[in-house]
Amino acid sequence: MKKTIFERNLVAWEQRFPENSVEINKKWNEYQNKKNKELQILPQVSGDESIILKVCQKGRELFLGGKRGNKALIDLWLEGLEEIQPFTFFYIVGLGNPEYIKALDEKYDKNVQILIYEPCIDIFYNVLENIDISTILKSERTILFFVDGINDKLINYSLGQLITAENFSYIKTFILPNYEKLFTTKTLNFVKMVRRKCDTEKVGINTSIRFANVNAENILCNAKYVIKGYKTRQFVDVIPRNIPAIIVAAGPSLNKNILELKKAKGRAFIIAVDTAIKPLLNAGIIPDMYAVVDGKKPLHLVQIDGAEKIPLLTSVSASHALLEYHKGMKVFYNEGYPIINKMFEINGKSFETVPCGGSVATSAFAFAYMIGLNRIILVGQDLALTGNKTHADGTFEEKANEIDTSDAIMVEGNEEKLVPTRSDFKIYLDWYNYFIKGCLDAGVDLHVINATEGGAKIDNTKIMRLKDAITQECTKEVNIQECMKKMSTVFDMTEQERASQYLKKIPEGLHSIKTTANELEKTYKKLQKITTAGNMDLRAYQKVLCRIKKLTKQVEKNKECYELISDSLKVADYILKSEQHLKVNSYEEEGKEIARQGLLYTQLLKQCAGLLEDLAEEQLKI
């Protein structure tokens with residue numbers, strides 16, 4: 001007996017997506033039994049005898065395909081697309097006219113991928129009933145389906161996995177005709193979700209590129225401070241566990257309760273973020289420590305009498321101007337930089353890290369947790385644009401300016417149902433939620449009190465007024481400064497000398513890389529010549545590639561120096577990664593592209609190695 005269209009589609013679906021076939025059948029039965037359907041959907045035969053759907057909604061009729069035929073419209077759409085590279089990913093709103101999907105499937109390389117979001121379950125089942133999509137479901141390419149009411153809850157997670165720094169520039173979004181009119185909000189939300197994820201990846205790339213040029217400079221300038229500095233693990237042995245940590249951020253709500261912190265002094269370990277230093281000191285409150293991790297943090301944000309003597313939790317990649325200004329105890333954590341780790345390795349010392357979370361406040365929180373303080377009070381940690389402001393008064397300006405929050409992301413608030421926030425704050429909020437939940441799920445005895453008195457809600461925290469939190473938690477007296485005096489620098493005198501001698505050799509390593517990069521550049525020019533000469537000599541081509549491979553290994557051999565340089569080559573690295581999917585059709589084209597990218601990379605490598613060599617000569621005369 002011949003199968004119906006629905007049966008053919010269902011069999012193809014079950015073969016392709018066996019994990020959600022049960023849900024498809026369950027929802028199908030619910031759909032059939034639903035008496036009051038929101039939409040009336042009628043299959044129609046178009047002028048070219050293809051099946052299209054007519055949707056009747058609130059007295060209007062909208063067609064999901066051309067009444068005279070689909071082909072002309074789809075051909076026009078395909079002509080309007082720019083050149084599609086392999087590994088392009090189409091994000092499409094709507095399955096109501098599968099001919100668009102079929103056209104993509106037929107025209108483009110199988111590495112082109114497709115994700116379809118159908119915002120209406122009624123349309124989805126009408127398609128399954130009336131339009132044969134079994135050929136789409138049997139396609140060899142990656143095609144993903146998300147249907148509202150069936151598996152739409154997975155969209156956000158899936159986009160997080162699918163959209164990466166390497167591919168976000170290859171994403172194309174397309175909304176099928178009339179979906180914007182029928183499902184305005186759902187369509188807009190999906191497109192925003194895709195755009196937001198792409199923007200997040202772009203911000204990540206831009207942040208890497210933004211800090212690329214300063215990271216190496218900061219590391220070389222700050223390495224000497226590590227030699228006479230301290231590490232986070234040392235605090236485990238000197239800070240008592242029966243006191244709370246108070247993490248003071250500079251969110252707008254800090255204005256409300258900053259003076260309450262005077263009552264906590266000497267009864268808690270008070271750690272401030274850099275932007276909170278001025279408001280605190282102006283209020284007569286000296287924190288036990290403050291934190292700086294930003295490689296481009298402006299010095300003026302912490303330039304206030306007394307700040308230079310307060311113990312500093314910092315990173316070796318933090319602003320070197322700020323670390324030079326600071327004259328007190330510097331406490332470092334491991335960020336994974338080989339040049340710094342080598343100093344610990346040659347002295348037989350461990351160097352611990354903290355899970356930073358992307359911000360100075362999350363770094364301070366993680367530090368408090370890692371040294372064994374299981375009661376943590378958050379202050380000024382709005383993670384939101386409370387009162388349409390980004391920070392408290394006295395941080396960037398004496399009186400914080402209000403900003404437009406009409407396009408802000410909305411999240412659950414501590415005191416309000418919803419509060420506006422921005423994408424970076426949302427990332428930090430998500431980190432807090434993830435980190436605290438992970439601790440609790442693992443059975444860790446962690447108690448976090450959110451005493452911000454405003455801002456975004458952090459899951460698994462107890463919301464309290466700061467006054468009440470201090471009364472409840474700050475019951476033991478403690479002199480944190482006396483506790484810290486029990487610690488010695490991480491390296492003794494002999495170890496400091498050993499680390500100094502190691503750093504003095506860094507300029508030699510950088511010079512060696514510059515010399516090899518010069519040879520590598522000549523070899524890429526030779527490759528360029530071979531690929532443009534006509535009648536390319538394959539043996540010569542392979543020989544040059546082997547030479548390039550050998551020289552590249554030689555460059556990377558000095559791991560500490562190479563990592564220092566490669567961190568400064570984010571621009572070139574991004575170009576190479578983003579172009580790795582570009583299509584080439586011959587050895588000549590491949591060779592030309594390798595030569596072009598190689599010359600770009602080696603020229604930057606040579607230039608960067610030379611600049612860092614000069615900087616290292618100047619900074620590492622210890």
# chains A, B, ... in the order shown; residues from 1 in each chain; ligands from 1
>>> select_by_dssp(residues="region 63-126 of chain A", states="helix (DSSP H, G or I)", output="ChimeraX atom specification")
/A:71-80,99-107,121-126
>>> residues_around(residues="region 371-379 of chain A", least_positions_apart="6", cutoff="7 Å", atoms="only C-alpha atoms", output="list in words")
Arg233, Phe235, Val236, Arg241, Pro244, Ala245, Ile246, Ile247, Val248, Ala249, Leu254, Asp445, Leu446, His447, Val448, Ile449, Asn450, Ala451 and Thr452 of chain A
>>> closest_residue(among="A:Ile114, A:Leu73, A:Leu281, A:Leu385", to="Glu99 (chain A)", atoms="only C-alpha atoms")
A:Leu73
>>> atom_distance(atom1="CA of Asn126 (chain A)", atom2="CA of Gln44 (chain A)")
11.6 Å
>>> residues_around(residues="Gly295 (chain A)", least_positions_apart="4", cutoff="7 Å", atoms="only C-alpha atoms", output="PDB file with N, CA, C and O atoms, in the first residue's frame")
ATOM      1  N   PHE A 211      43.351  43.425  23.369  1.00  0.00           N
ATOM      2  CA  PHE A 211      44.350  43.219  24.408  1.00  0.00           C
ATOM      3  C   PHE A 211      45.636  42.591  23.879  1.00  0.00           C
ATOM      4  O   PHE A 211      46.626  42.524  24.594  1.00  0.00           O
ATOM      5  N   VAL A 214      48.703  44.741  24.087  1.00  0.00           N
ATOM      6  CA  VAL A 214      49.132  45.178  25.417  1.00  0.00           C
ATOM      7  C   VAL A 214      49.521  44.011  26.311  1.00  0.00           C
ATOM      8  O   VAL A 214      50.279  44.196  27.264  1.00  0.00           O
ATOM      9  N   ASN A 215      48.994  42.812  26.048  1.00  0.00           N
ATOM     10  CA  ASN A 215      49.261  41.673  26.933  1.00  0.00           C
ATOM     11  C   ASN A 215      50.755  41.392  27.066  1.00  0.00           C
ATOM     12  O   ASN A 215      51.277  41.263  28.170  1.00  0.00           O
ATOM     13  N   SER A 317      49.069  40.036  33.499  1.00  0.00           N
ATOM     14  CA  SER A 317      48.679  40.731  32.265  1.00  0.00           C
ATOM     15  C   SER A 317      47.924  42.025  32.541  1.00  0.00           C
ATOM     16  O   SER A 317      47.443  42.680  31.621  1.00  0.00           O
ATOM     17  N   ALA A 318      47.799  42.402  33.822  1.00  0.00           N
ATOM     18  CA  ALA A 318      47.110  43.648  34.169  1.00  0.00           C
ATOM     19  C   ALA A 318      47.936  44.855  33.739  1.00  0.00           C
ATOM     20  O   ALA A 318      49.131  44.745  33.439  1.00  0.00           O
ATOM     21  N   SER A 319      47.303  46.005  33.735  1.00  0.00           N
ATOM     22  CA  SER A 319      47.953  47.244  33.303  1.00  0.00           C
ATOM     23  C   SER A 319      49.272  47.470  34.030  1.00  0.00           C
ATOM     24  O   SER A 319      49.310  47.595  35.252  1.00  0.00           O
TER      25      SER A 319
END
>>> residues_around(residues="Ser512 (chain A)", least_positions_apart="3", cutoff="9 Å", atoms="only C-alpha atoms", output="list in words")
Pro507, Glu508, Gly509, Thr515, Thr516, Ala517, Val555, Asn558 and Ala609 of chain A
>>> select_by_dssp(residues="region 347-455 of chain A", states="strand (DSSP E)", output="list in words")
Arg375, Ile376, Ile377, Leu378, Val379, Ile409, Met410, Val411, Glu412, Leu418, Val419, Pro420, Thr421, His447, Val448, Ile449 and Asn450 of chain A
>>> residues_around(residues="Lys228 (chain A)", least_positions_apart="4", cutoff="8 Å", atoms="only C-alpha atoms", output="PyMOL selection string")
chain A and resi 224+489-491+496
>>> atom_distance(atom1="CA of Ala499 (chain A)", atom2="CA of Glu560 (chain A)")
13.7 Å
>>> residues_around(residues="Cys120 (chain A)", least_positions_apart="6", cutoff="9 Å", atoms="only C-alpha atoms", output="mmCIF file with N, CA and C atoms, in the first residue's frame")
data_model
loop_
_atom_site.group_PDB
_atom_site.id
_atom_site.type_symbol
_atom_site.label_atom_id
_atom_site.label_comp_id
_atom_site.auth_asym_id
_atom_site.auth_seq_id
_atom_site.Cartn_x
_atom_site.Cartn_y
_atom_site.Cartn_z
ATOM 1 N N GLY A 94 11.310 29.446 9.537
ATOM 2 C CA GLY A 94 10.155 28.969 8.785
ATOM 3 C C GLY A 94 10.403 27.743 7.943
ATOM 4 N N VAL A 147 11.479 23.161 16.392
ATOM 5 C CA VAL A 147 10.056 23.476 16.242
ATOM 6 C C VAL A 147 9.502 23.954 17.571
ATOM 7 N N ASP A 148 8.844 25.104 17.538
ATOM 8 C CA ASP A 148 8.258 25.655 18.754
ATOM 9 C C ASP A 148 7.251 24.669 19.346
ATOM 10 N N GLY A 149 7.434 24.347 20.620
ATOM 11 C CA GLY A 149 6.530 23.408 21.272
ATOM 12 C C GLY A 149 7.015 21.978 21.244
ATOM 13 N N PHE A 183 4.405 35.861 12.862
ATOM 14 C CA PHE A 183 5.029 35.531 14.146
ATOM 15 C C PHE A 183 6.123 36.561 14.462
#
>>> closest_residue(among="A:Ala366, A:Ala283, A:Leu176, A:Cys561", to="Asn257 (chain A)", atoms="only C-alpha atoms")
A:Ala283
